[in-house]
>>> print(open('query.cif').read())   # mmCIF, C-alpha atoms
data_final
#
loop_
_atom_site.label_atom_id
_atom_site.label_comp_id
_atom_site.auth_asym_id
_atom_site.auth_seq_id
_atom_site.Cartn_x
_atom_site.Cartn_y
_atom_site.Cartn_z
CA MET A 89 0.87 -24.24 25.99
CA ASP A 90 -2.67 -25.02 24.85
CA ASN A 91 -4.15 -26.25 28.14
CA ILE A 92 -7.30 -24.17 28.21
CA LEU A 93 -8.25 -24.86 31.83
CA GLU A 94 -4.73 -24.26 33.15
CA ARG A 95 -4.70 -20.90 31.42
CA PHE A 96 -8.19 -20.03 32.68
CA PHE A 97 -7.36 -20.94 36.28
CA ARG A 98 -4.23 -18.81 36.13
CA TYR A 99 -6.22 -15.77 35.03
CA VAL A 100 -9.05 -16.14 37.55
CA SER A 101 -6.50 -16.37 40.36
CA VAL A 102 -5.81 -12.65 39.87
CA ASP A 103 -8.34 -10.40 41.60
CA THR A 104 -9.42 -7.86 38.98
CA GLN A 105 -12.69 -6.62 40.45
CA SER A 106 -13.34 -3.11 39.16
CA ASP A 107 -14.34 -0.18 41.39
CA PRO A 108 -17.07 2.18 40.16
CA LYS A 109 -16.07 4.80 42.74
CA ALA A 110 -12.48 5.10 41.56
CA ASP A 111 -11.47 8.13 39.52
CA ARG A 112 -8.80 6.39 37.45
CA VAL A 113 -8.49 3.76 34.71
CA PRO A 114 -7.84 1.01 35.43
CA SER A 115 -9.88 1.46 38.57
CA THR A 116 -7.99 -1.24 40.50
CA ASP A 117 -4.38 -2.41 40.68
CA GLY A 118 -5.36 -6.03 40.11
CA GLN A 119 -6.37 -5.28 36.53
CA LEU A 120 -2.98 -3.78 35.85
CA ASN A 121 -1.32 -6.82 37.42
CA LEU A 122 -3.17 -9.14 35.05
CA ALA A 123 -2.45 -6.83 32.10
CA ARG A 124 1.27 -6.93 32.88
CA GLY A 125 1.13 -10.70 33.16
CA LEU A 126 -0.61 -10.98 29.80
CA PHE A 127 1.88 -8.60 28.18
CA LYS A 128 4.74 -10.81 29.39
CA GLU A 129 2.96 -14.01 28.37
CA LEU A 130 2.07 -12.82 24.87
CA THR A 131 5.61 -11.55 24.33
CA GLU A 132 7.07 -14.89 25.42
CA LEU A 133 4.62 -16.74 23.16
CA GLY A 134 6.04 -14.83 20.21
CA PHE A 135 3.08 -12.69 19.18
CA GLU A 136 3.90 -9.44 17.40
CA GLU A 137 3.19 -5.78 18.23
CA VAL A 138 2.50 -6.62 21.87
CA THR A 139 1.78 -3.40 23.76
CA LEU A 140 0.53 -2.33 27.17
CA ASN A 141 -0.53 1.26 27.72
CA GLU A 142 -0.88 3.26 30.93
CA LYS A 143 -4.63 2.52 31.07
CA GLY A 144 -4.00 -1.23 31.27
CA CYS A 145 -5.05 -2.10 27.70
CA VAL A 146 -3.07 -4.94 26.14
CA MET A 147 -2.92 -5.31 22.34
CA ALA A 148 -1.17 -7.87 20.16
CA THR A 149 -1.07 -9.19 16.60
CA LEU A 150 -1.11 -12.60 14.98
CA PRO A 151 0.34 -11.77 11.53
CA SER A 152 -1.19 -13.07 8.33
CA ASN A 153 0.01 -16.39 6.95
CA VAL A 154 -1.53 -16.04 3.48
CA ASN A 155 -0.26 -14.26 0.37
CA TRP A 156 -3.45 -12.41 -0.54
CA PRO A 157 -5.00 -9.30 1.06
CA VAL A 158 -7.40 -10.05 3.90
CA PRO A 159 -9.28 -7.51 6.06
CA VAL A 160 -7.68 -7.06 9.48
CA ILE A 161 -10.13 -8.30 12.11
CA GLY A 162 -10.01 -8.19 15.89
CA PHE A 163 -11.10 -10.00 19.03
CA ILE A 164 -11.58 -8.25 22.37
CA ALA A 165 -12.19 -9.37 25.97
CA HIS A 166 -12.03 -7.50 29.26
CA LEU A 167 -9.76 -7.82 32.27
CA ASP A 168 -12.08 -6.79 35.08
CA THR A 169 -14.73 -8.68 37.00
CA SER A 170 -17.96 -7.27 38.33
CA PRO A 171 -18.13 -5.02 41.41
CA ASP A 172 -21.23 -7.01 42.40
CA ALA A 173 -19.30 -9.89 43.99
CA SER A 174 -15.79 -10.54 45.24
CA GLY A 175 -13.17 -11.82 42.80
CA LYS A 176 -10.53 -12.36 45.48
CA GLY A 177 -9.30 -15.87 46.25
CA VAL A 178 -11.34 -17.59 43.52
CA LYS A 179 -11.27 -21.37 44.03
CA PRO A 180 -12.69 -23.07 40.92
CA GLN A 181 -14.34 -26.47 41.24
CA VAL A 182 -14.25 -28.92 38.33
CA VAL A 183 -17.24 -31.22 37.96
CA GLU A 184 -16.45 -33.75 35.24
CA ASN A 185 -19.25 -35.55 33.38
CA TYR A 186 -22.03 -33.70 35.17
CA ARG A 187 -24.82 -36.20 35.80
CA GLY A 188 -27.56 -33.80 36.82
CA GLY A 189 -28.87 -32.72 40.17
CA ASP A 190 -27.43 -30.28 42.67
CA VAL A 191 -23.78 -29.27 42.74
CA VAL A 192 -22.55 -28.37 46.22
CA LEU A 193 -20.30 -25.31 46.09
CA GLY A 194 -17.45 -26.03 48.49
CA THR A 195 -18.27 -25.67 52.15
CA SER A 196 -20.18 -22.41 51.64
CA GLY A 197 -23.63 -23.95 51.97
CA GLU A 198 -24.45 -22.72 48.48
CA VAL A 199 -25.84 -25.08 45.85
CA LEU A 200 -25.95 -24.87 42.08
CA SER A 201 -29.32 -26.45 41.41
CA PRO A 202 -31.22 -27.17 38.17
CA ALA A 203 -34.39 -26.31 40.06
CA ARG A 204 -33.18 -22.73 40.17
CA PHE A 205 -30.96 -22.78 37.09
CA PRO A 206 -32.71 -25.02 34.55
CA MET A 207 -30.00 -24.56 31.90
CA LEU A 208 -28.10 -27.24 33.85
CA ASN A 209 -30.53 -29.82 32.49
CA LYS A 210 -29.07 -29.21 29.03
CA LEU A 211 -25.50 -29.73 30.21
CA ILE A 212 -25.62 -33.38 31.27
CA GLY A 213 -22.27 -35.00 30.48
CA HIS A 214 -20.40 -31.71 30.31
CA THR A 215 -17.50 -30.61 32.48
CA LEU A 216 -18.62 -27.74 34.72
CA ILE A 217 -16.25 -25.24 36.29
CA THR A 218 -18.01 -23.61 39.24
CA THR A 219 -17.17 -21.39 42.19
CA ASP A 220 -16.81 -22.57 45.78
CA GLY A 221 -19.80 -20.41 46.68
CA THR A 222 -17.84 -17.55 48.24
CA THR A 223 -16.84 -15.52 45.16
CA LEU A 224 -17.76 -15.11 41.54
CA LEU A 225 -15.82 -17.25 39.07
CA GLY A 226 -14.55 -14.62 36.65
CA SER A 227 -15.50 -16.35 33.41
CA ASP A 228 -16.90 -12.90 32.60
CA ASP A 229 -14.56 -12.24 30.99
CA LYS A 230 -11.46 -14.29 31.71
CA ALA A 231 -13.04 -17.11 29.74
CA GLY A 232 -13.03 -14.70 26.81
CA ILE A 233 -9.35 -13.87 27.34
CA THR A 234 -8.53 -17.57 27.58
CA GLU A 235 -10.47 -18.42 24.44
CA ILE A 236 -8.94 -15.67 22.33
CA ILE A 237 -5.35 -16.55 23.26
CA THR A 238 -6.02 -20.28 22.81
CA ALA A 239 -7.55 -19.62 19.38
CA MET A 240 -4.58 -17.51 18.30
CA LEU A 241 -2.20 -20.29 19.34
CA ARG A 242 -4.18 -22.94 17.46
CA LEU A 243 -4.35 -20.83 14.32
CA ARG A 244 -0.58 -20.47 14.41
CA GLU A 245 0.35 -23.99 15.45
CA GLN A 246 -2.05 -25.68 13.03
CA ASN A 247 -1.15 -23.24 10.24
CA ARG A 248 -4.80 -22.46 9.55
CA PRO A 249 -5.11 -19.81 6.80
CA HIS A 250 -5.86 -16.37 8.21
CA GLY A 251 -5.19 -12.71 7.66
CA SER A 252 -3.68 -10.36 10.20
CA ILE A 253 -5.57 -10.58 13.48
CA ARG A 254 -5.49 -7.98 16.23
CA PHE A 255 -6.58 -8.88 19.75
CA ALA A 256 -6.93 -6.78 22.86
CA PHE A 257 -7.78 -7.03 26.55
CA THR A 258 -9.37 -3.97 28.10
CA PRO A 259 -9.91 -2.65 31.64
CA ASP A 260 -13.06 -1.53 33.44
CA GLU A 261 -15.66 -2.90 31.04
CA GLU A 262 -17.97 -3.72 33.94
CA ILE A 263 -18.17 -0.07 34.96
CA GLY A 264 -18.28 1.28 31.39
CA LYS A 265 -15.01 3.23 31.53
CA GLY A 266 -12.38 1.17 29.73
CA ALA A 267 -13.64 1.49 26.15
CA GLN A 268 -13.48 5.28 26.41
CA HIS A 269 -9.69 4.94 26.37
CA PHE A 270 -9.47 2.25 23.69
CA ASP A 271 -7.32 3.42 20.78
CA VAL A 272 -9.36 2.36 17.76
CA GLU A 273 -6.83 3.85 15.33
CA THR A 274 -3.92 1.95 16.86
CA PHE A 275 -5.95 -1.26 16.99
CA ALA A 276 -6.38 -0.82 13.23
CA ALA A 277 -8.97 -3.53 12.58
CA GLN A 278 -11.78 -3.18 10.06
CA TRP A 279 -14.14 -4.92 12.44
CA ALA A 280 -13.94 -6.92 15.63
CA TYR A 281 -15.82 -9.23 17.98
CA THR A 282 -16.04 -9.04 21.72
CA VAL A 283 -15.90 -12.48 23.31
CA ASP A 284 -18.03 -11.62 26.32
CA GLY A 285 -21.35 -13.46 25.96
CA GLY A 286 -22.99 -16.33 27.79
CA GLY A 287 -24.22 -19.74 26.72
CA VAL A 288 -23.06 -21.58 23.62
CA GLY A 289 -24.50 -20.13 20.42
CA GLU A 290 -25.19 -16.61 21.62
CA LEU A 291 -24.49 -14.04 18.91
CA GLU A 292 -25.44 -10.51 19.81
CA ALA A 293 -25.51 -7.36 17.72
CA GLU A 294 -27.77 -5.19 19.86
CA ASN A 295 -27.75 -4.16 23.49
CA PHE A 296 -29.44 -1.98 26.06
CA ASN A 297 -29.26 1.78 26.08
CA ALA A 298 -27.91 2.44 29.55
CA ALA A 299 -27.90 5.27 32.05
CA SER A 300 -27.34 5.78 35.76
CA ALA A 301 -29.45 7.91 38.08
CA ASN A 302 -28.10 9.29 41.34
CA ILE A 303 -30.76 10.72 43.65
CA LYS A 304 -29.76 12.74 46.71
CA ILE A 305 -32.49 13.53 49.21
CA TYR A 306 -32.11 16.21 51.88
CA GLY A 307 -34.55 16.03 54.80
CA ASN A 308 -34.81 17.56 58.25
CA ASN A 309 -34.26 15.77 61.54
CA VAL A 310 -35.68 16.76 64.91
CA HIS A 311 -36.48 14.80 68.06
CA PRO A 312 -39.23 12.32 67.14
CA GLY A 313 -41.22 13.40 70.17
CA SER A 314 -41.73 16.84 68.66
CA ALA A 315 -41.52 15.92 65.00
CA LYS A 316 -45.08 16.66 63.87
CA ASP A 317 -45.10 18.92 60.83
CA VAL A 318 -41.36 19.57 61.27
CA MET A 319 -39.46 16.35 60.54
CA VAL A 320 -38.84 15.43 56.90
CA ASN A 321 -37.50 11.88 56.80
CA ALA A 322 -35.19 11.51 53.80
CA MET A 323 -35.46 7.72 53.92
CA THR A 324 -39.24 7.91 53.80
CA LEU A 325 -39.00 10.11 50.72
CA ALA A 326 -36.67 7.55 49.17
CA THR A 327 -39.23 4.78 49.66
CA ARG A 328 -41.91 6.98 48.10
CA ILE A 329 -39.76 7.51 45.04
CA HIS A 330 -39.15 3.80 44.66
CA GLN A 331 -42.79 2.88 45.15
CA LYS A 332 -43.82 5.22 42.34
CA LEU A 333 -41.80 3.22 39.82
CA PRO A 334 -43.61 0.28 38.17
CA ALA A 335 -42.98 -2.83 40.26
CA GLU A 336 -43.05 -5.10 37.22
CA GLU A 337 -40.24 -3.18 35.48
CA THR A 338 -37.28 -4.52 37.44
CA PRO A 339 -34.54 -6.93 36.34
CA GLU A 340 -36.07 -9.86 38.19
CA ARG A 341 -39.39 -9.44 36.36
CA THR A 342 -38.27 -8.65 32.81
CA GLU A 343 -36.67 -10.50 29.91
CA GLY A 344 -35.97 -10.25 26.19
CA TYR A 345 -36.52 -6.72 24.93
CA GLN A 346 -38.16 -5.45 28.12
CA GLY A 347 -36.42 -2.55 29.85
CA PHE A 348 -36.17 -1.86 33.56
CA TYR A 349 -35.27 0.36 36.49
CA HIS A 350 -32.83 -1.25 38.92
CA LEU A 351 -32.19 0.14 42.39
CA ILE A 352 -28.60 -0.86 43.11
CA SER A 353 -28.01 1.00 46.36
CA LEU A 354 -29.93 2.89 49.02
CA ASN A 355 -28.23 4.51 52.00
CA GLY A 356 -29.30 7.14 54.40
CA THR A 357 -30.46 8.67 57.63
CA VAL A 358 -33.43 10.86 58.48
CA GLU A 359 -31.39 13.90 57.49
CA GLN A 360 -30.03 12.67 54.16
CA ALA A 361 -30.44 9.68 51.83
CA GLU A 362 -28.94 8.61 48.54
CA MET A 363 -30.31 6.23 45.90
CA ASN A 364 -28.58 4.87 42.83
CA TYR A 365 -30.43 3.33 39.90
CA ILE A 366 -29.39 1.91 36.58
CA ILE A 367 -31.87 2.44 33.75
CA ARG A 368 -32.02 0.14 30.73
CA ASP A 369 -34.08 -0.01 27.53
CA PHE A 370 -33.48 -1.19 23.95
CA ASP A 371 -35.64 1.50 22.33
CA ARG A 372 -34.13 4.99 22.37
CA ASP A 373 -37.50 6.75 22.83
CA SER A 374 -38.50 4.47 25.69
CA PHE A 375 -35.06 4.98 27.20
CA ALA A 376 -35.56 8.74 27.16
CA ALA A 377 -39.01 8.31 28.70
CA ARG A 378 -37.58 6.24 31.54
CA LYS A 379 -35.07 8.95 32.39
CA ALA A 380 -37.78 11.60 32.23
CA ARG A 381 -39.99 9.52 34.55
CA ILE A 382 -37.29 9.41 37.23
CA GLN A 383 -37.07 13.20 37.15
CA GLU A 384 -40.85 13.58 37.16
CA ILE A 385 -41.21 11.33 40.21
CA ALA A 386 -38.57 13.32 42.07
CA ARG A 387 -40.52 16.51 41.40
CA GLU A 388 -43.76 14.88 42.55
CA VAL A 389 -42.23 13.72 45.83
CA GLN A 390 -40.51 17.05 46.43
CA ALA A 391 -43.72 19.06 45.89
CA GLY A 392 -44.79 20.78 49.10
CA LEU A 393 -41.55 20.16 51.02
CA PRO A 394 -40.01 23.02 53.04
CA SER A 395 -37.52 25.12 51.08
CA ASP A 396 -34.53 23.65 52.92
CA CYS A 397 -35.51 20.11 51.93
CA ARG A 398 -34.89 19.02 48.38
CA ILE A 399 -34.29 16.13 45.97
CA GLU A 400 -31.47 16.27 43.44
CA VAL A 401 -31.35 13.93 40.44
CA THR A 402 -28.22 13.42 38.34
CA LEU A 403 -28.62 11.33 35.18
CA LYS A 404 -25.65 10.05 33.20
CA ASP A 405 -25.74 8.06 29.97
CA SER A 406 -23.41 5.06 29.96
CA TYR A 407 -23.73 3.56 26.46
CA PHE A 408 -26.22 3.14 23.64
CA ASN A 409 -27.66 0.32 21.55
CA MET A 410 -25.14 -0.65 18.85
CA ARG A 411 -27.85 -2.23 16.65
CA ASP A 412 -27.98 0.47 13.98
CA GLU A 413 -24.20 0.86 13.85
CA VAL A 414 -23.52 -2.87 13.39
CA ALA A 415 -26.37 -3.18 10.85
CA LYS A 416 -24.33 -1.02 8.48
CA PHE A 417 -21.92 -3.97 8.14
CA PRO A 418 -24.11 -7.07 7.75
CA HIS A 419 -21.19 -9.26 6.66
CA VAL A 420 -19.63 -8.93 10.11
CA VAL A 421 -22.54 -10.71 11.77
CA GLU A 422 -23.01 -13.14 8.87
CA ILE A 423 -19.40 -14.36 9.07
CA ALA A 424 -19.86 -15.09 12.77
CA ARG A 425 -23.21 -16.75 12.24
CA GLN A 426 -21.94 -19.02 9.45
CA SER A 427 -18.79 -19.81 11.41
CA MET A 428 -20.92 -21.13 14.26
CA VAL A 429 -22.84 -23.32 11.84
CA ASP A 430 -19.58 -24.57 10.34
CA VAL A 431 -18.33 -25.85 13.72
CA GLY A 432 -21.62 -27.41 14.76
CA VAL A 433 -23.01 -24.61 16.92
CA GLU A 434 -26.58 -23.44 16.45
CA PRO A 435 -26.52 -19.62 16.37
CA GLU A 436 -28.90 -17.84 18.70
CA MET A 437 -29.34 -14.21 17.75
CA CYS A 438 -30.39 -12.45 20.90
CA PRO A 439 -30.20 -8.98 22.45
CA ILE A 440 -27.62 -8.31 25.14
CA ARG A 441 -29.45 -7.46 28.33
CA GLY A 442 -26.43 -5.42 29.30
CA GLY A 443 -23.54 -3.90 27.44
CA THR A 444 -20.09 -4.71 26.14
CA ASP A 445 -17.09 -2.67 25.13
CA GLY A 446 -18.30 -3.38 21.61
CA ALA A 447 -21.32 -1.14 22.14
CA GLN A 448 -19.11 1.91 22.63
CA LEU A 449 -16.57 0.85 20.00
CA SER A 450 -19.28 0.36 17.36
CA PHE A 451 -20.18 4.04 17.71
CA ARG A 452 -16.50 4.90 17.24
CA GLY A 453 -16.26 3.21 13.86
CA LEU A 454 -15.30 -0.33 14.90
CA PRO A 455 -18.36 -2.58 14.36
CA CYS A 456 -18.15 -5.10 17.12
CA PRO A 457 -20.85 -7.75 17.78
CA ASN A 458 -20.53 -10.13 20.70
CA LEU A 459 -19.72 -13.87 20.80
CA PHE A 460 -20.48 -16.42 23.53
CA THR A 461 -17.94 -17.64 26.10
CA GLY A 462 -19.83 -20.71 27.37
CA GLY A 463 -20.45 -19.13 30.78
CA TYR A 464 -23.61 -18.69 32.85
CA ASN A 465 -24.88 -16.75 35.88
CA PHE A 466 -22.32 -13.98 35.60
CA HIS A 467 -21.62 -11.53 38.44
CA GLY A 468 -22.37 -13.86 41.34
CA LYS A 469 -21.41 -16.91 43.37
CA HIS A 470 -23.47 -19.24 41.13
CA GLU A 471 -21.42 -18.38 38.06
CA PHE A 472 -20.07 -21.31 36.06
CA VAL A 473 -18.63 -22.16 32.67
CA THR A 474 -18.36 -25.42 30.77
CA LEU A 475 -15.18 -26.81 29.26
CA GLN A 476 -17.14 -27.81 26.16
CA GLY A 477 -18.50 -24.28 25.82
CA MET A 478 -15.02 -22.80 26.03
CA GLU A 479 -13.76 -25.21 23.39
CA LYS A 480 -16.69 -24.28 21.13
CA ALA A 481 -15.88 -20.60 21.57
CA VAL A 482 -12.29 -21.28 20.53
CA ALA A 483 -13.50 -23.20 17.47
CA VAL A 484 -15.77 -20.30 16.44
CA ILE A 485 -12.96 -17.75 16.76
CA VAL A 486 -10.66 -19.94 14.67
CA ARG A 487 -13.34 -20.44 12.04
CA ILE A 488 -14.11 -16.71 11.84
CA ALA A 489 -10.44 -16.08 11.10
CA GLU A 490 -10.35 -18.82 8.46
CA SER A 491 -13.63 -17.76 6.88
CA THR A 492 -12.55 -14.12 6.62
CA ALA A 493 -9.44 -15.22 4.72
CA GLU A 494 -11.38 -17.58 2.48
CA ARG A 495 -13.91 -14.89 1.56
CA ALA A 496 -11.12 -12.48 0.62
CA ARG A 497 -9.37 -14.92 -1.74
#
>>> encode(input="query.cif", output="structure tokens")
Amino acid sequence: MDNILERFFRYVSVDTQSDPKADRVPSTDGQLNLARGLFKELTELGFEEVTLNEKGCVMATLPSNVNWPVPVIGFIAHLDTSPDASGKGVKPQVVENYRGGDVVLGTSGEVLSPARFPMLNKLIGHTLITTDGTTLLGSDDKAGITEIITAMLRLREQNRPHGSIRFAFTPDEEIGKGAQHFDVETFAAQWAYTVDGGGVGELEAENFNAASANIKIYGNNVHPGSAKDVMVNAMTLATRIHQKLPAEETPERTEGYQGFYHLISLNGTVEQAEMNYIIRDFDRDSFAARKARIQEIAREVQAGLPSDCRIEVTLKDSYFNMRDEVAKFPHVVEIARQSMVDVGVEPEMCPIRGGTDGAQLSFRGLPCPNLFTGGYNFHGKHEFVTLQGMEKAVAVIVRIAESTAERAR
């Protein structure tokens, strides 16, 4: 019942990759399959108020076991895995007592190497769970699901003092759509924590402001032998747009609080091309400036084109930095920070270079900072998680529940 790896392997065996092009939530059937499985499992485990709605959101309650009033708190993880890499047929590898050096990922030819991923040097002696090099692992965020359920079971079985705890598993976090359908009123927690972070100790209460930019370019194609002053190559215009953006402001060249432009797709012909960017920045003014720069560049490149050739830019905000919203409730972060200390984890307050469901939920009245899962290299074939990190995440969740009850007494 409390075998953390058995539970994790069961969840990652379900393909829940989300689809950003879908016009429904959940965007893929696999997410609903996992949600139904979790609904059945939580019901059989005897949790209360277990629900599954039509959007694939699972909610449940671990009722209070103390006789004094305690604030209702929540824990949230997401069902889907990233569209960036396949989540079908995941074959986890277990490397016990990692001794350093390269880890060969199945027969894929891929290697998990400390030369490329130096965090491995800090994990000597740990048990690593890796991919086989052909898919992502899915610890983002099935490790979070595993850790929350395991923590709820341990709280109950060990009779640790706690108030009423709500927990939920949401769809389509990776494409920013699931939280829009999260019923904050029904969840009925005073605050919550997403369990969706990376390495042990990460505690995050701020995140990127995020937007997407779709750029459609309409050119004009004629025979290249008679193209002078007539052809307008849409792909050439696309390269001009990209070259006008600062080369040092991309994901692979930024860190910490530095924002970026990220070209995620480019398709086209001479006649028509399409570019898709994601835009990220922690500062709201800089975020607005980045969006304005994309539009300005499009106008610059379009200047002088024939009237039947044009560039269309569509900008869409995805989520905003939750920093100011969470700061209104400093005790929420302090309980998490002290809970980490209490279980021997050194807290590392850091910004999320991405987003979580908690970012959207914080703006809807549910302050929701983010806790670590013990995973690394999310969204790709080099993803891995450590057993020790997962156990530490469980311990932190348990301690947060205990500490909340103790503070209320």
>>> atom_distance(input="query.cif", atom1="atom CA of Gln448 of chain A", atom2="atom CA of Tyr407 of chain A")
6.2 Å
>>> resolve_selection(input="query.cif", expression="the PyMOL selection byres ((chain A and resi 97-109) around 9)", output="PyMOL selection string")
chain A and resi 92-96+110-111+114-122+167-180+225-227+230-231+233-234+259-265
>>> closest_atom_pairs(input="query.cif", of="segment 259-339 of chain A", to="segment 123-147 of chain A", cutoff="12 Å", atoms="all atoms listed in the file", output="Markdown table")
| residue | atom | partner | partner_atom | distance |
| --- | --- | --- | --- | --- |
| A:Pro259 | CA | A:Gly144 | CA | 6.1 |
| A:Asp260 | CA | A:Gly144 | CA | 9.3 |
| A:Glu261 | CA | A:Cys145 | CA | 11.2 |
| A:Lys265 | CA | A:Lys143 | CA | 10.4 |
| A:Gly266 | CA | A:Lys143 | CA | 8.0 |
| A:Ala267 | CA | A:Cys145 | CA | 9.4 |
| A:Gln268 | CA | A:Lys143 | CA | 10.4 |
| A:His269 | CA | A:Lys143 | CA | 7.3 |
| A:Phe270 | CA | A:Cys145 | CA | 7.4 |
| A:Asp271 | CA | A:Cys145 | CA | 9.1 |
| A:Val272 | CA | A:Met147 | CA | 11.0 |
| A:Thr274 | CA | A:Met147 | CA | 9.2 |
| A:Phe275 | CA | A:Met147 | CA | 7.4 |
| A:Ala276 | CA | A:Met147 | CA | 10.7 |
| A:Ala277 | CA | A:Met147 | CA | 11.6 |
>>> atom_distance(input="query.cif", atom1="atom CA of Glu292 of chain A", atom2="atom CA of Ser427 of chain A")
14.2 Å
>>> resolve_selection(input="query.cif", expression="the PyMOL selection byres ((chain A and resi 248) around 12)", output="PyMOL selection string")
chain A and resi 150+152-154+239-247+249-251+483+485-494
>>> resolve_selection(input="query.cif", expression="the PyMOL selection byres ((chain A and resi 352-356) around 9)", output="PyMOL selection string")
chain A and resi 305+322-323+326+350-351+357-366
>>> residues_around(input="query.cif", residues="Glu436 of chain A", least_positions_apart="5", cutoff="7 Å", atoms="all atoms listed in the file", output="PyMOL selection string")
chain A and resi 289-291
>>> atom_distance(input="query.cif", atom1="atom CA of Asp396 of chain A", atom2="atom CA of Ala315 of chain A")
16.0 Å
>>> residues_near_point(input="query.cif", point="(-11.7, -2.0, 17.2)", cutoff="12 Å", atoms="only C-alpha atoms", output="number ranges by chain")
A: 147, 160-165, 253-258, 267-282, 445-457
>>> write_last_selection(input="query.cif", atoms="C-alpha atoms", output="PDB file, in the frame of the given file")
ATOM      1  CA  MET A 147      -2.920  -5.310  22.340  1.00  0.00           C
ATOM      2  CA  VAL A 160      -7.680  -7.060   9.480  1.00  0.00           C
ATOM      3  CA  ILE A 161     -10.130  -8.300  12.110  1.00  0.00           C
ATOM      4  CA  GLY A 162     -10.010  -8.190  15.890  1.00  0.00           C
ATOM      5  CA  PHE A 163     -11.100 -10.000  19.030  1.00  0.00           C
ATOM      6  CA  ILE A 164     -11.580  -8.250  22.370  1.00  0.00           C
ATOM      7  CA  ALA A 165     -12.190  -9.370  25.970  1.00  0.00           C
ATOM      8  CA  ILE A 253      -5.570 -10.580  13.480  1.00  0.00           C
ATOM      9  CA  ARG A 254      -5.490  -7.980  16.230  1.00  0.00           C
ATOM     10  CA  PHE A 255      -6.580  -8.880  19.750  1.00  0.00           C
ATOM     11  CA  ALA A 256      -6.930  -6.780  22.860  1.00  0.00           C
ATOM     12  CA  PHE A 257      -7.780  -7.030  26.550  1.00  0.00           C
ATOM     13  CA  THR A 258      -9.370  -3.970  28.100  1.00  0.00           C
ATOM     14  CA  ALA A 267     -13.640   1.490  26.150  1.00  0.00           C
ATOM     15  CA  GLN A 268     -13.480   5.280  26.410  1.00  0.00           C
ATOM     16  CA  HIS A 269      -9.690   4.940  26.370  1.00  0.00           C
ATOM     17  CA  PHE A 270      -9.470   2.250  23.690  1.00  0.00           C
ATOM     18  CA  ASP A 271      -7.320   3.420  20.780  1.00  0.00           C
ATOM     19  CA  VAL A 272      -9.360   2.360  17.760  1.00  0.00           C
ATOM     20  CA  GLU A 273      -6.830   3.850  15.330  1.00  0.00           C
ATOM     21  CA  THR A 274      -3.920   1.950  16.860  1.00  0.00           C
ATOM     22  CA  PHE A 275      -5.950  -1.260  16.990  1.00  0.00           C
ATOM     23  CA  ALA A 276      -6.380  -0.820  13.230  1.00  0.00           C
ATOM     24  CA  ALA A 277      -8.970  -3.530  12.580  1.00  0.00           C
ATOM     25  CA  GLN A 278     -11.780  -3.180  10.060  1.00  0.00           C
ATOM     26  CA  TRP A 279     -14.140  -4.920  12.440  1.00  0.00           C
ATOM     27  CA  ALA A 280     -13.940  -6.920  15.630  1.00  0.00           C
ATOM     28  CA  TYR A 281     -15.820  -9.230  17.980  1.00  0.00           C
ATOM     29  CA  THR A 282     -16.040  -9.040  21.720  1.00  0.00           C
ATOM     30  CA  ASP A 445     -17.090  -2.670  25.130  1.00  0.00           C
ATOM     31  CA  GLY A 446     -18.300  -3.380  21.610  1.00  0.00           C
ATOM     32  CA  ALA A 447     -21.320  -1.140  22.140  1.00  0.00           C
ATOM     33  CA  GLN A 448     -19.110   1.910  22.630  1.00  0.00           C
ATOM     34  CA  LEU A 449     -16.570   0.850  20.000  1.00  0.00           C
ATOM     35  CA  SER A 450     -19.280   0.360  17.360  1.00  0.00           C
ATOM     36  CA  PHE A 451     -20.180   4.040  17.710  1.00  0.00           C
ATOM     37  CA  ARG A 452     -16.500   4.900  17.240  1.00  0.00           C
ATOM     38  CA  GLY A 453     -16.260   3.210  13.860  1.00  0.00           C
ATOM     39  CA  LEU A 454     -15.300  -0.330  14.900  1.00  0.00           C
ATOM     40  CA  PRO A 455     -18.360  -2.580  14.360  1.00  0.00           C
ATOM     41  CA  CYS A 456     -18.150  -5.100  17.120  1.00  0.00           C
ATOM     42  CA  PRO A 457     -20.850  -7.750  17.780  1.00  0.00           C
TER      43      PRO A 457
END
>>> residues_near_point(input="query.cif", point="(-38.7, 25.0, 54.4)", cutoff="12 Å", atoms="only C-alpha atoms", output="PyMOL selection string")
chain A and resi 306-308+317-320+390-398
>>> closest_residue(input="query.cif", among="A:Ile423, A:Phe296, A:Asn209, A:Thr219", to="Phe466 of chain A", atoms="only C-alpha atoms")
A:Thr219
>>> closest_residue(input="query.cif", among="A:Ala148, A:Val158, A:Ile329, A:Ile237", to="Arg497 of chain A", atoms="all atoms listed in the file")
A:Val158
>>> residues_around(input="query.cif", residues="Leu211 of chain A", least_positions_apart="4", cutoff="10 Å", atoms="all atoms listed in the file", output="PyMOL selection string")
chain A and resi 185-188+206-207+215-216+474+476-477
>>> residues_around(input="query.cif", residues="Gly189 of chain A", least_positions_apart="4", cutoff="12 Å", atoms="all atoms listed in the file", output="VMD selection string")
chain A and resid 183 199 to 213
>>> closest_residue(input="query.cif", among="A:Val482, A:Ala496, A:Leu403, A:Val113", to="Val288 of chain A", atoms="only C-alpha atoms")
A:Val482
